[in-house]
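First the structure, in the form of structure tokens, and then the observations on it.
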Amino acid sequence: MDFIPSLPTLLAFSAASLLLAMTPGPDMTLSISRALAQGKKAALFIVLGTTLGVVVHTCLVAFGISALITASPVAFTVLKTGGAAYLLWLAIQAIRFGSSLSVKKVDTAGGTPLANISNGFWVNLLNPKVIIFFMTFLPQFVTAGDPAVTHKLLFLGLFFIVIGMPVNALVVLAADGLSSWLQRNRGVMRGLDYAFAGVFSIFAVKIFFTQAR
């Protein structure tokens with residue numbers, strides 16, 4: 001099974017993905033808001049929609065990056081180096097501005113499952129930060145000379161879903177209490193910010209060091 005990365009790579013990817021799933025962002029804000037306004041079932045359809053968005057991002061990255069490697073390994077190296085710079089920028093932004101979670105019951109009741117899935121899907125798919133993140137995050141865990149790079153990128157994207165979807169579902173199920181608790185305990189959110197910044201700084205330095213060798 002050449003599409004499965006090495007154990008150290010998989011463990012590093014799992015830690016980063018879990019941390020990312022736990023860090024409050026637009027997807028979490030949307031799902032909690034929908035849970036408070038329409039109930040947990042409606043919010044779970046939001047989670048399903050955002051997950052479908054991740055599937056699309058994964059396919060675009062997997063086949064796009066694979067084509068880039070075939071066309072020019074040098075271009076792939078430039079992309080990875082740029083990705084490392086972007087991850088470092090994310091780390092700095094996390095320290096400077098921190099996580100934001102401001103949830104209000106602004107949704108109207110009566111949204112259909114399809115409408116909620118569509119809402120979650122398009123919010124995720126059209127978010128520029130998500131697009132850039134997937135373009136820079138997934139390639140950090142493959143090498144330019146790997147003949148199974150497309151399959152590995154697809155595997156990593158789906159594995160990201162396996163890790164993130166249960167976290168998002170648990171957030172929805174605990175939406176009311178979790179939202180209030182997080183907004184009362186800003187220290188926890190700052191802890192997540194520093195953890196996020198630390199992990200992605202390590203990735204950035206690792207990639208910069210690798211390219212310099």
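Within each chain, counting starts at residue 1; across the structure tokens, chains are named A, B, ... in the order shown, with ligands numbered 1 upward in that order.
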
For Val123 in chain A, please output as a ChimeraX atom specification all residues within 12 Å (counting only C-alpha atoms; exclusion window: fewer than 6 positions along the same chain). /A:25-31,46-54,116-117,129-131

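By chain and then residue number, the residues within 8 Å of Leu87 in chain A are Gly83, Ala84, Leu90, Ala91, Thr136, Phe137, Phe200, Ser201, Phe203 and Ala204 of chain A, counting only C-alpha atoms and disregarding those fewer than 3 positions away in sequence.
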
Apply DSSP to the backbone of this structure and, from range 37-202 of chain A, keep only the residues in helix (DSSP H, G or I); write these as number ranges by chain. A: 37-38, 40-71, 73-97, 113-125, 128-141, 149-173, 175-184, 186-202

Quick check, in Å to one decimal: how far apart do CA of Arg34 in chain A and CA of Asn124 in chain A lie?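 Atom-to-atom, CA of Arg34 in chain A to CA of Asn124 in chain A, that is 15.0 Å.
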
Neighbour list for Gly64 in chain A as a PyMOL selection string, cut-off 12 Å, only C-alpha atoms, skip fewer than 3 positions in-chain: chain A and resi 56-61+67-71+76+79+134-135+138-139+149-150+153-154

Same residues, N, CA, C and O atoms, saved as a compact mmCIF listing (two decimals), in the first residue's frame:
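Output (result27.txt):
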# COMPACT_ATOMS: atom_id res chain seq x y z
N VAL A 56 -13.55 18.06 -2.18
CA VAL A 56 -13.25 18.76 -3.42
C VAL A 56 -11.86 19.38 -3.36
O VAL A 56 -11.06 19.27 -4.31
N HIS A 57 -11.53 20.05 -2.26
CA HIS A 57 -10.20 20.64 -2.10
C HIS A 57 -9.12 19.57 -2.21
O HIS A 57 -8.08 19.79 -2.85
N THR A 58 -9.37 18.41 -1.61
CA THR A 58 -8.39 17.33 -1.64
C THR A 58 -8.14 16.87 -3.07
O THR A 58 -6.98 16.69 -3.49
N CYS A 59 -9.20 16.68 -3.83
CA CYS A 59 -9.05 16.22 -5.22
C CYS A 59 -8.32 17.26 -6.07
O CYS A 59 -7.45 16.91 -6.87
N LEU A 60 -8.65 18.53 -5.88
CA LEU A 60 -7.99 19.58 -6.64
C LEU A 60 -6.50 19.62 -6.33
O LEU A 60 -5.67 19.75 -7.24
N VAL A 61 -6.16 19.50 -5.05
CA VAL A 61 -4.76 19.52 -4.66
C VAL A 61 -4.05 18.26 -5.15
O VAL A 61 -2.95 18.33 -5.72
N ALA A 67 0.20 16.87 -11.13
CA ALA A 67 0.53 17.37 -12.47
C ALA A 67 1.72 18.32 -12.42
O ALA A 67 2.58 18.31 -13.31
N LEU A 68 1.80 19.12 -11.34
CA LEU A 68 2.91 20.05 -11.19
C LEU A 68 4.23 19.30 -11.02
O LEU A 68 5.25 19.68 -11.60
N ILE A 69 4.21 18.22 -10.24
CA ILE A 69 5.42 17.43 -10.03
C ILE A 69 5.89 16.83 -11.35
O ILE A 69 7.08 16.82 -11.68
N THR A 70 4.94 16.31 -12.12
CA THR A 70 5.28 15.71 -13.41
C THR A 70 5.88 16.74 -14.35
O THR A 70 6.84 16.48 -15.07
N ALA A 71 5.30 17.95 -14.33
CA ALA A 71 5.76 18.99 -15.23
C ALA A 71 7.09 19.60 -14.78
O ALA A 71 7.97 19.85 -15.61
N PHE A 76 7.54 22.40 -7.92
CA PHE A 76 6.99 21.80 -6.72
C PHE A 76 7.80 22.22 -5.49
O PHE A 76 7.24 22.50 -4.44
N LEU A 79 6.80 25.63 -4.60
CA LEU A 79 5.50 25.60 -3.94
C LEU A 79 5.63 25.19 -2.48
O LEU A 79 5.03 25.81 -1.59
N PHE A 134 -5.03 24.28 2.01
CA PHE A 134 -4.89 22.94 1.47
C PHE A 134 -3.78 22.88 0.42
O PHE A 134 -3.06 21.87 0.32
N MET A 135 -3.62 23.94 -0.35
CA MET A 135 -2.56 23.97 -1.36
C MET A 135 -1.17 23.97 -0.72
O MET A 135 -0.21 23.53 -1.34
N LEU A 138 -1.09 20.10 2.59
CA LEU A 138 -0.95 18.71 2.17
C LEU A 138 0.40 18.41 1.51
O LEU A 138 1.01 17.36 1.79
N PRO A 139 0.92 19.29 0.63
CA PRO A 139 2.20 18.97 -0.01
C PRO A 139 3.38 18.84 0.94
O PRO A 139 4.42 18.28 0.55
N VAL A 149 2.56 9.95 -5.35
CA VAL A 149 2.21 11.22 -4.71
C VAL A 149 0.72 11.52 -4.81
O VAL A 149 0.12 12.00 -3.85
N THR A 150 0.10 11.24 -5.95
CA THR A 150 -1.33 11.53 -6.09
C THR A 150 -2.16 10.74 -5.10
O THR A 150 -3.04 11.28 -4.41
N LEU A 153 -1.63 12.04 -1.53
CA LEU A 153 -2.37 13.28 -1.26
C LEU A 153 -3.85 13.01 -1.06
O LEU A 153 -4.49 13.59 -0.18
N LEU A 154 -4.41 12.10 -1.88
CA LEU A 154 -5.81 11.72 -1.70
C LEU A 154 -6.02 11.06 -0.34
O LEU A 154 -6.99 11.35 0.37

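Proximity ranking of A:Ala175, A:Met165, A:Phe160, A:Ser180 relative to Ala16 in chain A places A:Phe160 first, based on only C-alpha atoms.
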
Find the residues around Phe3 in chain A up to 7 Å (only C-alpha atoms counted), leave out those fewer than 4 positions away in its own chain, and share them as a ChimeraX atom specification. /A:148,151-152,155

Those residues with N, CA and C atoms, as a PDB file, in the first residue's frame please?
ATOM      1  N   ALA A 148       3.931   7.682  -6.010  1.00  0.00           N
ATOM      2  CA  ALA A 148       2.564   7.515  -5.491  1.00  0.00           C
ATOM      3  C   ALA A 148       2.026   8.810  -4.895  1.00  0.00           C
ATOM      4  N   HIS A 151      -1.865   9.443  -4.989  1.00  0.00           N
ATOM      5  CA  HIS A 151      -2.605   8.593  -4.069  1.00  0.00           C
ATOM      6  C   HIS A 151      -2.347   8.990  -2.617  1.00  0.00           C
ATOM      7  N   LYS A 152      -1.119   9.413  -2.317  1.00  0.00           N
ATOM      8  CA  LYS A 152      -0.815   9.830  -0.947  1.00  0.00           C
ATOM      9  C   LYS A 152      -1.562  11.114  -0.591  1.00  0.00           C
ATOM     10  N   PHE A 155      -5.100  10.162   0.022  1.00  0.00           N
ATOM     11  CA  PHE A 155      -5.200   9.477   1.316  1.00  0.00           C
ATOM     12  C   PHE A 155      -5.137  10.480   2.458  1.00  0.00           C
TER      13      PHE A 155
END

Could you please determine the separation between CA of Asn185 in chain A and CA of Gly39 in chain A in Å, to one decimal place?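 These two atoms are separated by 23.9 Å.
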
With distances taken over only C-alpha atoms, which of A:Gly191, A:Pro166, A:Pro113, A:Gly157 is nearest to Val55 in chain A?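 Using only C-alpha atoms, the shortest distance to Val55 in chain A belongs to A:Gly157.
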